Amino acid sequence: MANEFFLFKVMSKAVSSGKNSWDGFMFLVRSEMASRIEVYGFAWTLGIFWLVGAPLTSFFIALALVLLLLATEALNTAVEVIINRISPEISDVGKQAKDLGSFAVFCLLAINLMYFIYVIATSPRIAAWLA
(Lines give C-alpha, C1' and ligand atoms only; values in the text may rest on other atoms or scores of the structure.)
Protein backbone atom coordinates (compact mmCIF):
# COMPACT_ATOMS: atom_id res chain seq x y z
CA MET A 1 0.00 0.00 0.00
CA ALA A 2 2.80 2.42 0.89
CA ASN A 3 4.62 1.64 -2.38
CA GLU A 4 1.47 2.39 -4.40
CA PHE A 5 1.04 5.73 -2.64
CA PHE A 6 4.70 6.58 -3.25
CA LEU A 7 4.39 5.68 -6.95
CA PHE A 8 1.27 7.86 -7.27
CA LYS A 9 3.09 10.75 -5.58
CA VAL A 10 6.10 10.38 -7.91
CA MET A 11 3.87 10.24 -11.00
CA SER A 12 1.93 13.29 -9.83
CA LYS A 13 5.16 15.21 -9.26
CA ALA A 14 6.46 14.19 -12.71
CA VAL A 15 3.29 15.44 -14.41
CA SER A 16 3.45 18.70 -12.46
CA SER A 17 7.12 19.19 -13.35
CA GLY A 18 6.39 18.47 -17.00
CA LYS A 19 3.62 21.09 -17.04
CA ASN A 20 5.90 23.66 -15.40
CA SER A 21 8.63 22.92 -17.93
CA TRP A 22 6.18 23.28 -20.81
CA ASP A 23 4.91 26.58 -19.38
CA GLY A 24 8.51 27.80 -19.13
CA PHE A 25 9.22 26.79 -22.72
CA MET A 26 6.09 28.54 -23.95
CA PHE A 27 6.99 31.71 -21.99
CA LEU A 28 10.47 31.61 -23.52
CA VAL A 29 9.19 31.20 -27.07
CA ARG A 30 6.50 33.87 -26.65
CA SER A 31 8.71 36.45 -24.96
CA GLU A 32 12.07 36.01 -26.67
CA MET A 33 12.46 36.42 -30.43
CA ALA A 34 15.94 34.90 -30.14
CA SER A 35 14.52 31.58 -28.91
CA ARG A 36 12.10 31.42 -31.84
CA ILE A 37 14.98 32.07 -34.24
CA GLU A 38 16.98 29.29 -32.54
CA VAL A 39 14.11 26.82 -32.92
CA TYR A 40 13.67 27.74 -36.60
CA GLY A 41 17.43 27.50 -37.08
CA PHE A 42 17.38 24.00 -35.61
CA ALA A 43 14.64 22.96 -38.05
CA TRP A 44 16.76 24.27 -40.93
CA THR A 45 19.80 22.50 -39.51
CA LEU A 46 17.96 19.17 -39.52
CA GLY A 47 16.93 19.68 -43.14
CA ILE A 48 20.44 20.62 -44.24
CA PHE A 49 21.96 17.69 -42.34
CA TRP A 50 19.53 15.38 -44.13
CA LEU A 51 20.40 16.89 -47.53
CA VAL A 52 24.13 16.46 -47.05
CA GLY A 53 23.76 12.90 -45.73
CA ALA A 54 24.99 13.55 -42.22
CA PRO A 55 25.14 10.48 -39.97
CA LEU A 56 22.37 9.89 -37.44
CA THR A 57 24.68 10.72 -34.54
CA SER A 58 25.04 14.25 -35.93
CA PHE A 59 21.30 14.76 -35.54
CA PHE A 60 21.38 13.69 -31.90
CA ILE A 61 24.41 15.84 -31.11
CA ALA A 62 22.71 18.81 -32.80
CA LEU A 63 19.60 18.15 -30.69
CA ALA A 64 21.67 18.09 -27.50
CA LEU A 65 23.42 21.32 -28.48
CA VAL A 66 20.20 23.16 -29.29
CA LEU A 67 18.66 21.97 -26.00
CA LEU A 68 21.70 23.36 -24.16
CA LEU A 69 21.30 26.60 -26.12
CA LEU A 70 17.60 26.87 -25.24
CA ALA A 71 18.34 26.08 -21.59
CA THR A 72 20.94 28.84 -21.52
CA GLU A 73 18.51 31.18 -23.27
CA ALA A 74 15.91 30.33 -20.60
CA LEU A 75 18.37 31.06 -17.78
CA ASN A 76 19.33 34.33 -19.47
CA THR A 77 15.65 35.27 -19.73
CA ALA A 78 15.12 34.37 -16.07
CA VAL A 79 17.99 36.69 -15.10
CA GLU A 80 16.49 39.48 -17.22
CA VAL A 81 13.02 39.00 -15.71
CA ILE A 82 14.41 39.09 -12.17
CA ILE A 83 16.62 42.13 -12.85
CA ASN A 84 13.70 43.99 -14.44
CA ARG A 85 11.53 43.17 -11.42
CA ILE A 86 13.92 44.07 -8.62
CA SER A 87 15.71 46.92 -10.38
CA PRO A 88 13.49 48.58 -12.98
CA GLU A 89 15.85 51.55 -13.21
CA ILE A 90 19.03 51.22 -15.24
CA SER A 91 21.93 50.10 -13.04
CA ASP A 92 25.49 48.94 -13.64
CA VAL A 93 24.91 45.69 -11.74
CA GLY A 94 21.76 44.92 -13.73
CA LYS A 95 23.54 45.63 -16.99
CA GLN A 96 26.45 43.40 -16.01
CA ALA A 97 24.11 40.53 -15.11
CA LYS A 98 22.27 40.84 -18.42
CA ASP A 99 25.52 41.13 -20.37
CA LEU A 100 26.88 37.97 -18.74
CA GLY A 101 23.71 36.08 -19.66
CA SER A 102 23.98 37.32 -23.23
CA PHE A 103 27.61 36.22 -23.37
CA ALA A 104 26.65 32.70 -22.22
CA VAL A 105 24.06 32.49 -25.00
CA PHE A 106 26.60 33.79 -27.52
CA CYS A 107 29.09 31.09 -26.49
CA LEU A 108 26.56 28.34 -27.09
CA LEU A 109 25.50 29.89 -30.39
CA ALA A 110 29.16 29.80 -31.45
CA ILE A 111 29.45 26.13 -30.42
CA ASN A 112 26.31 25.28 -32.39
CA LEU A 113 27.64 27.11 -35.45
CA MET A 114 31.05 25.41 -35.23
CA TYR A 115 29.38 22.00 -35.03
CA PHE A 116 27.11 22.83 -37.98
CA ILE A 117 30.14 23.82 -40.09
CA TYR A 118 32.02 20.68 -39.01
CA VAL A 119 29.15 18.38 -39.99
CA ILE A 120 28.73 20.07 -43.37
CA ALA A 121 32.48 20.06 -44.07
CA THR A 122 32.84 16.36 -43.23
CA SER A 123 29.61 15.10 -44.82
CA PRO A 124 29.89 12.40 -47.49
CA ARG A 125 27.84 14.26 -50.13
CA ILE A 126 29.91 17.44 -49.80
CA ALA A 127 33.13 15.38 -49.95
CA ALA A 128 31.92 13.61 -53.10
CA TRP A 129 30.86 16.92 -54.64
CA LEU A 130 34.28 18.47 -53.94
CA ALA A 131 36.19 15.45 -55.28
# chains A, B, ... in the order shown; residues from 1 in each chain; ligands from 1

$ residues_around --residues "A:Thr122" --least-positions-apart "3" --cutoff "12 Å" --atoms "only C-alpha atoms" --output "PyMOL selection string"
chain A and resi 49+52-55+58+115-119+125-130
